[in-house]
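Peer 1: The following file, work-v4.pdb, comprises PDB, C-alpha atoms:
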```pdb
ATOM      1  CA  ILE X   1     121.004 103.280  87.198
ATOM      2  CA  TRP X   2     122.382 101.190  90.029
ATOM      3  CA  LEU X   3     121.182 101.788  93.555
ATOM      4  CA  PRO X   4     122.671 100.443  96.769
ATOM      5  CA  SER X   5     120.516  97.983  98.635
ATOM      6  CA  LEU X   6     118.215  99.810 101.002
ATOM      7  CA  LEU X   7     116.597  98.758 104.239
ATOM      8  CA  LEU X   8     113.567 100.958 104.728
ATOM      9  CA  LEU X   9     111.753 101.113 108.052
ATOM     10  CA  ALA X  10     108.099 102.038 107.720
ATOM     11  CA  ALA X  11     108.116 103.582 111.202
ATOM     12  CA  PRO X  12     109.664 105.518 112.756
ATOM     13  CA  PRO X  13     110.815 107.479 109.656
ATOM     14  CA  THR X  14     114.351 106.121 109.249
ATOM     15  CA  ILE X  15     116.232 104.901 106.185
ATOM     16  CA  VAL X  16     119.114 102.471 106.185
ATOM     17  CA  SER X  17     121.823 102.207 103.522
ATOM     18  CA  ARG X  18     124.261  99.325 103.421
ATOM     19  CA  ASP X  19     127.282 101.602 103.057
ATOM     20  CA  ALA X  20     126.294 105.036 104.301
ATOM     21  CA  ILE X  21     126.498 106.569 107.748
ATOM     22  CA  ASP X  22     125.839 110.158 106.753
ATOM     23  CA  LEU X  23     125.155 111.506 103.294
ATOM     24  CA  GLU X  24     128.158 113.749 102.820
ATOM     25  CA  SER X  25     128.203 113.441  99.052
ATOM     26  CA  LEU X  26     126.367 111.814  96.202
ATOM     27  CA  HIS X  27     128.657 110.516  93.433
ATOM     28  CA  LEU X  28     127.499 110.135  89.842
ATOM     29  CA  PRO X  29     130.560 108.688  88.042
ATOM     30  CA  ILE X  30     130.083 107.336  84.536
ATOM     31  CA  HIS X  31     131.177 103.719  83.898
ATOM     32  CA  GLY X  32     131.095 102.509  80.286
ATOM     33  CA  GLY X  33     128.127 104.679  79.412
ATOM     34  CA  ARG X  34     126.129 103.534  82.485
ATOM     35  CA  LEU X  35     125.256 105.874  85.286
ATOM     36  CA  ARG X  36     126.220 104.552  88.708
ATOM     37  CA  LEU X  37     124.864 106.096  91.870
ATOM     38  CA  GLU X  38     126.840 105.629  95.037
ATOM     39  CA  ILE X  39     126.513 106.975  98.563
ATOM     40  CA  GLU X  40     129.811 107.897 100.159
ATOM     41  CA  ARG X  41     130.609 107.058 103.761
ATOM     42  CA  SER X  42     131.276 110.012 106.037
ATOM     43  CA  HIS X  43     134.225 110.160 108.386
ATOM     44  CA  LYS X  44     131.857 111.281 111.112
ATOM     45  CA  LYS X  45     130.653 108.735 113.619
ATOM     46  CA  MET X  46     127.013 108.426 114.515
ATOM     47  CA  LYS X  47     125.636 107.129 117.750
ATOM     48  CA  PRO X  48     123.521 103.973 117.326
ATOM     49  CA  LEU X  49     119.846 104.799 116.982
ATOM     50  CA  ALA X  50     117.420 103.219 119.417
ATOM     51  CA  LEU X  51     115.161 101.576 116.848
ATOM     52  CA  PRO X  52     112.690  98.851 117.818
ATOM     53  CA  SER X  53     113.432  97.006 114.573
ATOM     54  CA  VAL X  54     117.145  96.518 115.267
ATOM     55  CA  GLN X  55     116.474  93.515 117.480
ATOM     56  CA  LEU X  56     115.110  91.638 114.482
ATOM     57  CA  LEU X  57     118.160  92.064 112.297
ATOM     58  CA  ALA X  58     119.917  88.953 113.607
ATOM     59  CA  GLY X  59     117.998  86.392 111.563
ATOM     60  CA  GLN X  60     116.874  86.365 107.955
ATOM     61  CA  ASN X  61     114.635  83.283 108.085
ATOM     62  CA  ASP X  62     111.701  85.455 109.140
ATOM     63  CA  SER X  63     111.791  87.405 105.888
ATOM     64  CA  HIS X  64     109.229  87.033 103.113
ATOM     65  CA  GLU X  65     110.775  87.258  99.648
ATOM     66  CA  ILE X  66     109.024  88.645  96.566
ATOM     67  CA  MET X  67     110.936  88.226  93.318
ATOM     68  CA  MET X  68     110.773  91.248  91.040
ATOM     69  CA  ASP X  69     110.865  91.551  87.275
ATOM     70  CA  ASP X  70     113.702  93.884  86.290
ATOM     71  CA  TYR X  71     112.928  95.759  83.078
ATOM     72  CA  ARG X  72     116.231  97.093  81.690
ATOM     73  CA  THR X  73     117.161  98.232  85.235
ATOM     74  CA  MET X  74     114.532 100.944  84.728
ATOM     75  CA  SER X  75     111.562  99.557  86.661
ATOM     76  CA  TYR X  76     110.961  96.778  89.164
ATOM     77  CA  LYS X  77     107.622  95.054  89.569
ATOM     78  CA  GLY X  78     106.331  91.964  91.324
ATOM     79  CA  PRO X  79     103.168  90.014  92.151
ATOM     80  CA  ILE X  80     100.518  90.787  94.738
ATOM     81  CA  HIS X  81      97.091  89.191  95.159
ATOM     82  CA  ILE X  82      93.885  91.116  95.762
ATOM     83  CA  GLY X  83      90.383  89.992  96.707
ATOM     84  CA  THR X  84      88.612  86.720  97.502
ATOM     85  CA  PRO X  85      89.225  84.541  95.607
ATOM     86  CA  PRO X  86      92.654  86.169  95.164
ATOM     87  CA  LYS X  87      93.635  87.557  91.776
ATOM     88  CA  GLN X  88      97.241  88.291  90.858
ATOM     89  CA  PHE X  89      98.361  91.768  89.830
ATOM     90  CA  ASP X  90     101.893  92.754  88.835
ATOM     91  CA  VAL X  91     102.652  96.123  90.398
ATOM     92  CA  ILE X  92     105.590  98.498  90.694
ATOM     93  CA  PHE X  93     106.914  98.712  94.264
ATOM     94  CA  ASP X  94     107.416 102.435  94.785
ATOM     95  CA  THR X  95     109.118 104.116  97.753
ATOM     96  CA  GLY X  96     108.329 107.453  96.098
ATOM     97  CA  SER X  97     104.574 107.294  96.752
ATOM     98  CA  SER X  98     102.226 106.019  99.458
ATOM     99  CA  ASP X  99      99.153 104.518  97.799
ATOM    100  CA  LEU X 100      98.217 101.114  96.396
ATOM    101  CA  TRP X 101      96.113 101.097  93.269
ATOM    102  CA  VAL X 102      95.333  98.806  90.332
ATOM    103  CA  PHE X 103      93.387  99.296  87.137
ATOM    104  CA  SER X 104      89.618  98.974  87.390
ATOM    105  CA  SER X 105      87.519  96.791  85.109
ATOM    106  CA  MET X 106      85.559  99.994  84.489
ATOM    107  CA  SER X 107      88.603 101.643  82.862
ATOM    108  CA  LYS X 108      89.944 101.387  79.325
ATOM    109  CA  ALA X 109      92.623  99.043  80.703
ATOM    110  CA  ASN X 110      89.963  96.326  80.638
ATOM    111  CA  THR X 111      90.247  96.278  76.836
ATOM    112  CA  LYS X 112      94.006  95.520  76.935
ATOM    113  CA  ASP X 113      94.962  91.846  76.926
ATOM    114  CA  TYR X 114      98.328  92.564  78.576
ATOM    115  CA  LEU X 115      96.803  94.209  81.672
ATOM    116  CA  HIS X 116      94.909  92.738  84.633
ATOM    117  CA  THR X 117      91.968  94.697  86.032
ATOM    118  CA  TYR X 118      90.080  94.625  89.317
ATOM    119  CA  ASN X 119      86.343  93.888  89.369
ATOM    120  CA  PRO X 120      84.768  94.422  92.817
ATOM    121  CA  ARG X 121      81.805  92.215  91.878
ATOM    122  CA  MET X 122      84.167  89.253  91.651
ATOM    123  CA  SER X 123      85.430  89.540  95.246
ATOM    124  CA  SER X 124      83.585  88.684  98.458
ATOM    125  CA  THR X 125      85.945  90.835 100.568
ATOM    126  CA  TYR X 126      85.327  94.091  98.700
ATOM    127  CA  HIS X 127      84.090  97.023 100.795
ATOM    128  CA  GLY X 128      83.293 100.326  99.141
ATOM    129  CA  PRO X 129      83.453 102.638  97.502
ATOM    130  CA  THR X 130      84.510 104.842 100.409
ATOM    131  CA  GLY X 131      85.446 107.883  98.322
ATOM    132  CA  THR X 132      87.438 109.055  95.325
ATOM    133  CA  PHE X 133      91.098 109.926  94.789
ATOM    134  CA  GLU X 134      93.523 111.385  92.279
ATOM    135  CA  ILE X 135      97.314 111.114  92.277
ATOM    136  CA  ARG X 136      99.667 113.317  90.279
ATOM    137  CA  TYR X 137     103.091 111.791  89.793
ATOM    138  CA  GLY X 138     106.242 113.390  88.409
ATOM    139  CA  ILE X 139     104.976 112.189  85.029
ATOM    140  CA  GLY X 140     101.267 111.478  84.585
ATOM    141  CA  ARG X 141      98.220 111.176  86.806
ATOM    142  CA  CYS X 142      95.446 108.721  87.615
ATOM    143  CA  GLY X 143      92.333 108.520  89.754
ATOM    144  CA  GLY X 144      89.223 106.585  90.615
ATOM    145  CA  ASN X 145      87.432 105.047  93.601
ATOM    146  CA  VAL X 146      88.730 104.232  97.080
ATOM    147  CA  LEU X 147      87.865 100.854  98.609
ATOM    148  CA  LYS X 148      88.961  98.300 101.196
ATOM    149  CA  GLU X 149      90.137  94.824 100.203
ATOM    150  CA  SER X 150      92.176  91.806 101.228
ATOM    151  CA  VAL X 151      95.720  92.099  99.892
ATOM    152  CA  LYS X 152      98.410  89.410  99.963
ATOM    153  CA  LEU X 153     102.082  90.304  99.624
ATOM    154  CA  GLY X 154     104.854  87.768 100.107
ATOM    155  CA  GLY X 155     102.408  85.211 101.466
ATOM    156  CA  ILE X 156     101.084  87.626 104.122
ATOM    157  CA  ASP X 157      97.356  88.467 104.038
ATOM    158  CA  VAL X 158      96.360  92.008 105.008
ATOM    159  CA  ASN X 159      92.672  92.571 105.728
ATOM    160  CA  HIS X 160      90.747  95.749 104.963
ATOM    161  CA  GLN X 161      93.624  97.437 103.139
ATOM    162  CA  THR X 162      92.551 100.822 101.814
ATOM    163  CA  MET X 163      93.462 101.063  98.131
ATOM    164  CA  GLY X 164      92.264 102.501  94.864
ATOM    165  CA  GLN X 165      90.792 101.137  91.668
ATOM    166  CA  VAL X 166      91.837 103.436  88.846
ATOM    167  CA  THR X 167      89.104 104.351  86.392
ATOM    168  CA  TYR X 168      91.072 106.966  84.430
ATOM    169  CA  TYR X 169      94.786 107.442  83.816
ATOM    170  CA  SER X 170      97.242 109.224  81.537
ATOM    171  CA  ALA X 171      98.763 107.394  78.586
ATOM    172  CA  ASN X 172     102.192 106.874  80.183
ATOM    173  CA  PHE X 173     100.726 104.206  82.514
ATOM    174  CA  ASP X 174      99.802 102.030  79.545
ATOM    175  CA  THR X 175     103.048 100.575  78.181
ATOM    176  CA  LYS X 176     102.683  97.339  76.250
ATOM    177  CA  ASP X 177     106.428  96.612  76.158
ATOM    178  CA  ASN X 178     106.604  96.755  79.984
ATOM    179  CA  PRO X 179     103.058  96.455  81.341
ATOM    180  CA  SER X 180     102.219  96.823  85.017
ATOM    181  CA  ASP X 181      98.796  96.572  86.604
ATOM    182  CA  GLY X 182      99.306  99.289  89.181
ATOM    183  CA  ILE X 183     101.562 100.749  91.847
ATOM    184  CA  MET X 184     102.168  99.790  95.471
ATOM    185  CA  GLY X 185     103.375 102.876  97.318
ATOM    186  CA  LEU X 186     105.662 102.252 100.306
ATOM    187  CA  ALA X 187     106.091 105.758 101.708
ATOM    188  CA  PHE X 188     104.209 107.191 104.707
ATOM    189  CA  ARG X 189     100.583 108.042 105.376
ATOM    190  CA  GLY X 190     101.398 111.757 105.288
ATOM    191  CA  ALA X 191     101.779 111.546 101.505
ATOM    192  CA  SER X 192      98.823 109.209 100.904
ATOM    193  CA  LYS X 193      95.999 110.449  98.688
ATOM    194  CA  THR X 194      93.735 107.698 100.036
ATOM    195  CA  ASN X 195      94.643 108.561 103.661
ATOM    196  CA  THR X 196      96.021 105.175 104.607
ATOM    197  CA  HIS X 197      99.095 103.346 105.838
ATOM    198  CA  ASN X 198     101.067 101.350 103.314
ATOM    199  CA  VAL X 199     100.659  97.571 103.173
ATOM    200  CA  VAL X 200     103.795  96.788 105.203
ATOM    201  CA  MET X 201     102.785  99.143 108.001
ATOM    202  CA  ASN X 202      99.335  97.547 108.094
ATOM    203  CA  MET X 203     101.008  94.127 108.413
ATOM    204  CA  LYS X 204     102.627  95.450 111.584
ATOM    205  CA  LEU X 205      99.414  97.059 112.873
ATOM    206  CA  GLN X 206      97.483  93.824 112.310
ATOM    207  CA  GLY X 207     100.106  91.793 114.195
ATOM    208  CA  LEU X 208     101.245  89.878 111.114
ATOM    209  CA  ILE X 209     104.929  90.871 111.386
ATOM    210  CA  PRO X 210     106.923  92.063 114.431
ATOM    211  CA  ASN X 211     108.256  95.225 112.761
ATOM    212  CA  ALA X 212     107.333  97.202 109.676
ATOM    213  CA  THR X 213     110.637  96.557 107.916
ATOM    214  CA  PHE X 214     111.354  95.981 104.242
ATOM    215  CA  SER X 215     114.361  96.056 101.947
ATOM    216  CA  PHE X 216     115.132  96.009  98.246
ATOM    217  CA  ILE X 217     117.843  94.042  96.499
ATOM    218  CA  LEU X 218     118.341  95.536  93.027
ATOM    219  CA  GLY X 219     120.468  93.077  91.086
ATOM    220  CA  GLY X 220     121.533  95.433  88.299
ATOM    221  CA  ASP X 221     121.308  92.750  85.584
ATOM    222  CA  PRO X 222     117.847  92.327  83.989
ATOM    223  CA  ASP X 223     118.761  88.812  82.841
ATOM    224  CA  SER X 224     119.680  87.557  86.315
ATOM    225  CA  VAL X 225     117.273  85.291  88.169
ATOM    226  CA  GLY X 226     116.963  83.797  91.637
ATOM    227  CA  ARG X 227     119.459  85.039  94.217
ATOM    228  CA  ASP X 228     121.286  87.034  91.534
ATOM    229  CA  GLY X 229     118.124  88.847  90.513
ATOM    230  CA  SER X 230     116.089  91.605  92.142
ATOM    231  CA  PHE X 231     113.651  91.119  94.978
ATOM    232  CA  LEU X 232     111.762  92.742  97.835
ATOM    233  CA  LEU X 233     112.107  91.413 101.391
ATOM    234  CA  ILE X 234     109.461  91.886 104.060
ATOM    235  CA  GLY X 235     111.113  91.490 107.456
ATOM    236  CA  PRO X 236     114.807  91.368 108.462
ATOM    237  CA  PRO X 237     117.425  92.046 105.776
ATOM    238  CA  ASP X 238     119.439  89.351 104.048
ATOM    239  CA  TYR X 239     123.013  89.727 105.308
ATOM    240  CA  ASP X 240     124.361  88.063 102.165
ATOM    241  CA  TYR X 241     123.802  91.467 100.565
ATOM    242  CA  VAL X 242     124.950  93.691 103.442
ATOM    243  CA  TYR X 243     128.321  95.332 102.861
ATOM    244  CA  ASN X 244     130.816  94.186 105.523
ATOM    245  CA  ASN X 245     127.876  92.782 107.521
ATOM    246  CA  THR X 246     127.305  96.296 108.822
ATOM    247  CA  ILE X 247     124.099  98.284 108.576
ATOM    248  CA  SER X 248     124.326 102.027 109.104
ATOM    249  CA  TYR X 249     121.473 104.422 109.687
ATOM    250  CA  VAL X 250     120.500 107.727 108.109
ATOM    251  CA  LYS X 251     117.701 109.778 109.626
ATOM    252  CA  THR X 252     114.911 110.920 107.337
ATOM    253  CA  SER X 253     112.878 114.075 107.698
ATOM    254  CA  GLY X 254     109.537 112.285 107.266
ATOM    255  CA  SER X 255     107.796 115.679 107.323
ATOM    256  CA  ASP X 256     106.491 115.305 103.765
ATOM    257  CA  GLY X 257     105.487 111.669 104.161
ATOM    258  CA  MET X 258     108.451 110.587 102.042
ATOM    259  CA  TRP X 259     111.837 108.933 102.611
ATOM    260  CA  SER X 260     113.629 112.304 102.462
ATOM    261  CA  VAL X 261     117.317 112.099 103.408
ATOM    262  CA  PRO X 262     119.675 115.047 103.971
ATOM    263  CA  MET X 263     122.424 115.658 101.439
ATOM    264  CA  LYS X 264     125.284 118.170 101.396
ATOM    265  CA  THR X 265     127.110 117.781  98.081
ATOM    266  CA  ILE X 266     126.642 116.300  94.602
ATOM    267  CA  LEU X 267     129.659 115.260  92.513
ATOM    268  CA  VAL X 268     129.418 114.489  88.788
ATOM    269  CA  ASP X 269     132.446 112.534  87.544
ATOM    270  CA  GLY X 270     134.244 113.590  90.717
ATOM    271  CA  LYS X 271     133.614 117.287  90.184
ATOM    272  CA  ALA X 272     131.608 119.464  92.565
ATOM    273  CA  TYR X 273     129.261 121.956  90.907
ATOM    274  CA  GLY X 274     128.140 123.741  94.049
ATOM    275  CA  PHE X 275     124.790 122.004  94.326
ATOM    276  CA  CYS X 276     123.212 121.806  97.779
ATOM    277  CA  THR X 277     125.830 124.065  99.336
ATOM    278  CA  THR X 278     123.350 125.076 102.023
ATOM    279  CA  GLY X 279     121.967 121.549 102.359
ATOM    280  CA  CYS X 280     119.070 119.839 100.601
ATOM    281  CA  PHE X 281     117.048 116.625 100.657
ATOM    282  CA  ALA X 282     117.041 113.670  98.288
ATOM    283  CA  LEU X 283     114.445 110.938  97.843
ATOM    284  CA  PRO X 284     115.571 107.304  97.270
ATOM    285  CA  ASP X 285     112.808 106.255  94.888
ATOM    286  CA  THR X 286     112.429 102.663  93.648
ATOM    287  CA  GLY X 287     109.620 103.763  91.336
ATOM    288  CA  THR X 288     111.678 105.827  88.914
ATOM    289  CA  SER X 289     114.706 105.404  86.673
ATOM    290  CA  LEU X 290     115.494 109.124  86.739
ATOM    291  CA  ILE X 291     117.795 111.312  88.781
ATOM    292  CA  VAL X 292     115.924 114.601  89.047
ATOM    293  CA  VAL X 293     117.416 117.927  90.128
ATOM    294  CA  PRO X 294     115.913 121.453  90.340
ATOM    295  CA  ASN X 295     116.041 123.501  87.141
ATOM    296  CA  ASP X 296     118.442 126.023  88.659
ATOM    297  CA  TYR X 297     120.996 123.276  89.271
ATOM    298  CA  TRP X 298     120.510 121.790  85.819
ATOM    299  CA  HIS X 299     121.265 125.072  84.019
ATOM    300  CA  GLU X 300     124.384 125.584  86.091
TER     301      GLU X 300
END
```
Please go through the file and, once you have read it, give me the structure as structure tokens.

Peer 2:
Amino acid sequence: IWLPSLLLLAAPPTIVSRDAIDLESLHLPIHGGRLRLEIERSHKKMKPLALPSVQLLAGQNDSHEIMMDDYRTMSYKGPIHIGTPPKQFDVIFDTGSSDLWVFSSMSKANTKDYLHTYNPRMSSTYHGPTGTFEIRYGIGRCGGNVLKESVKLGGIDVNHQTMGQVTYYSANFDTKDNPSDGIMGLAFRGASKTNTHNVVMNMKLQGLIPNATFSFILGGDPDSVGRDGSFLLIGPPDYDYVYNNTISYVKTSGSDGMWSVPMKTILVDGKAYGFCTTGCFALPDTGTSLIVVPNDYWHE
């Protein structure tokens, strides 16, 4: 699945697509057996939105780049560091959830040599536990203890980040062929099971970055590296990847704590099947390789 590069603003709830002004239709044409997702530009014109982050878009030198490992264009993960002294964890960056968690040394993940686990006794900046949590995803669930820790992402240190150490989890989180040590959710506090802001928002709140802005470049080729690969940017977008050097804005609902964007039509191979005729919402989700639709639409 190929996704257009997204600029996501952690607040206010607004999503930016490099080639979309308004989501009039979602195309799913098939190209050589690969599914390609594209957002079509509307003929309608939108008034510029008064966003505090727009003033930062002029320069890209202020951005912090995190290279991501692309597994068969199905999942994207990258390094973060937790604790003092810092320990590296490779996590999935997920716009479809709001919480940061990694496997605990008290879980069965500690017996797997391909996973890294968190041990609070090995960190001088650990504070907790402050409670418990459980998260149910589209597939699988996990849970454990809530704590506060120092977290570094893209060279930026965030103090007292609320996060979870997972002590139990369903089997789908343990994949030896594509292991990840946890998930970093990048949606809003309204969807957080640990009742916290995401790491990028906390960077803004702690005065570490001017605006809570991040973007994803999804290269589409798992074998590509460097500038041709996939990476996460904290800060202004990289205009080398912006279509026609123009960024357009799409409002999100934000009511569910997610990056929910309005959609009017879905086309499959250019054919309309009557989905979303009265309007519906879609979620751009970097944490899944699936396109999910309601059962009623699927049977039609």

Peer 1: With the PyMOL selection byres ((chain X and resi 108) around 12) as the selection, what would be picked from this file? Answer as a VMD selection string, please.

Peer 2: chain X and resid 103 to 107 109 to 113 115 to 117 166 to 171 173 to 174

Peer 1: Distance CA of Arg227 in chain X-CA of Lys87 in chain X, one decimal place?

Peer 2: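 Separation between CA of Arg227 in chain X and CA of Lys87 in chain X: 26.1 Å.
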
Peer 1: So the first atom is CA of Val268 in chain X and the second is CA of Leu218 in chain X; what is the distance between them in Å, to one decimal place?

Peer 2: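 Atom-to-atom, CA of Val268 in chain X to CA of Leu218 in chain X, that is 22.4 Å.
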
Peer 1: Quick one: of X:Gly154, X:Gly207, X:Leu147, X:Arg72, who's nearest to Asn119 in chain X, counting all atoms listed in the file?

Peer 2: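 Comparing X:Gly154, X:Gly207, X:Leu147, X:Arg72 against Asn119 in chain X, the winner is X:Leu147.
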
Peer 1: Quick check on the file I pasted: which residues fall under the PyMOL selection byres ((chain X and resi 253) around 12)? Write them as a list in words.

Peer 2: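 After applying the PyMOL selection byres ((chain X and resi 253) around 12), what remains is Pro12, Pro13, Thr14, Ile15, Phe188, Gly190, Val250, Lys251, Thr252, Gly254, Ser255, Asp256, Gly257, Met258, Trp259, Ser260, Val261, Pro262, Met263, Cys280, Phe281, Ala282 and Leu283 of chain X.
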
Peer 1: Just so the selection is clear, what residues does the PyMOL selection byres ((chain X and resi 131-138) around 10) cover here, as a PyMOL selection string?

Peer 2: chain X and resi 96-97+99+128-130+139-147+163-166+168-170+192-195+288+292

Peer 1: Given only C-alpha atoms as the basis, pick out the residue of X:Val158, X:Val200, X:Ile80, X:Val225 nearest to Ala212 in chain X.

Peer 2: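 Ranked by minimum distance to Ala212 in chain X, first place goes to X:Val200.
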
Peer 1: With a distance cut-off of 6 Å and only C-alpha atoms, select the neighbouring residues of Lys148 in chain X, excluding the residue or stretch itself and same-chain residues fewer than 5 positions from it, and output the selection as a ChimeraX atom specification.

Peer 2: /X:127,160-162

Peer 1: Distance CA of Met184 in chain X-CA of Leu205 in chain X, one decimal place?

Peer 2: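 Separation of CA of Met184 in chain X and CA of Leu205 in chain X: 17.8 Å.
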
Peer 1: Find the axis-aligned box for range 62-68 of chain X, covering all its listed atoms and adding 8 Å on each side, and write its centre and edge lengths in Å to one decimal as lines of an AutoDock Vina configuration file.

Peer 2:
```
center_x = 110.4
center_y = 88.4
center_z = 100.1
size_x = 18.8
size_y = 21.8
size_z = 34.1
```

Peer 1: For Ile156 in chain X, find every residue with an atom within 12 Å (counting all atoms listed in the file), except residues of its own chain fewer than 6 positions away, and show them as a list in words.

Peer 2: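 Once the adjacent positions are removed, what remains is Asp62, Ser63, His64, Glu65, Ile66, Ile80, His81, Ile82, Ser150, Val199, Val200, Asn202, Met203, Lys204, Gln206, Gly207, Leu208, Ile209, Leu233, Ile234 and Gly235 of chain X.
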
Peer 1: Can you work out which one of X:Ser230, X:Thr196, X:Phe275, X:Met201 has the shortest atom-to-atom distance to Pro294 in chain X, counting all atoms listed in the file?

Peer 2: X:Phe275

Peer 1: Which one of X:Asp157, X:Asp221, X:Asp181, X:Asp240 sits closest to Gln88 in chain X if you count all atoms listed in the file?

Peer 2: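 Answer, going by the shortest atom-to-atom distance: X:Asp181.
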
Peer 1: Tell me which of X:Leu232, X:Leu100, X:Val242, X:Val293 sits closest to Asp69 in chain X, counting only C-alpha atoms.

Peer 2: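 Closest candidate: X:Leu232.
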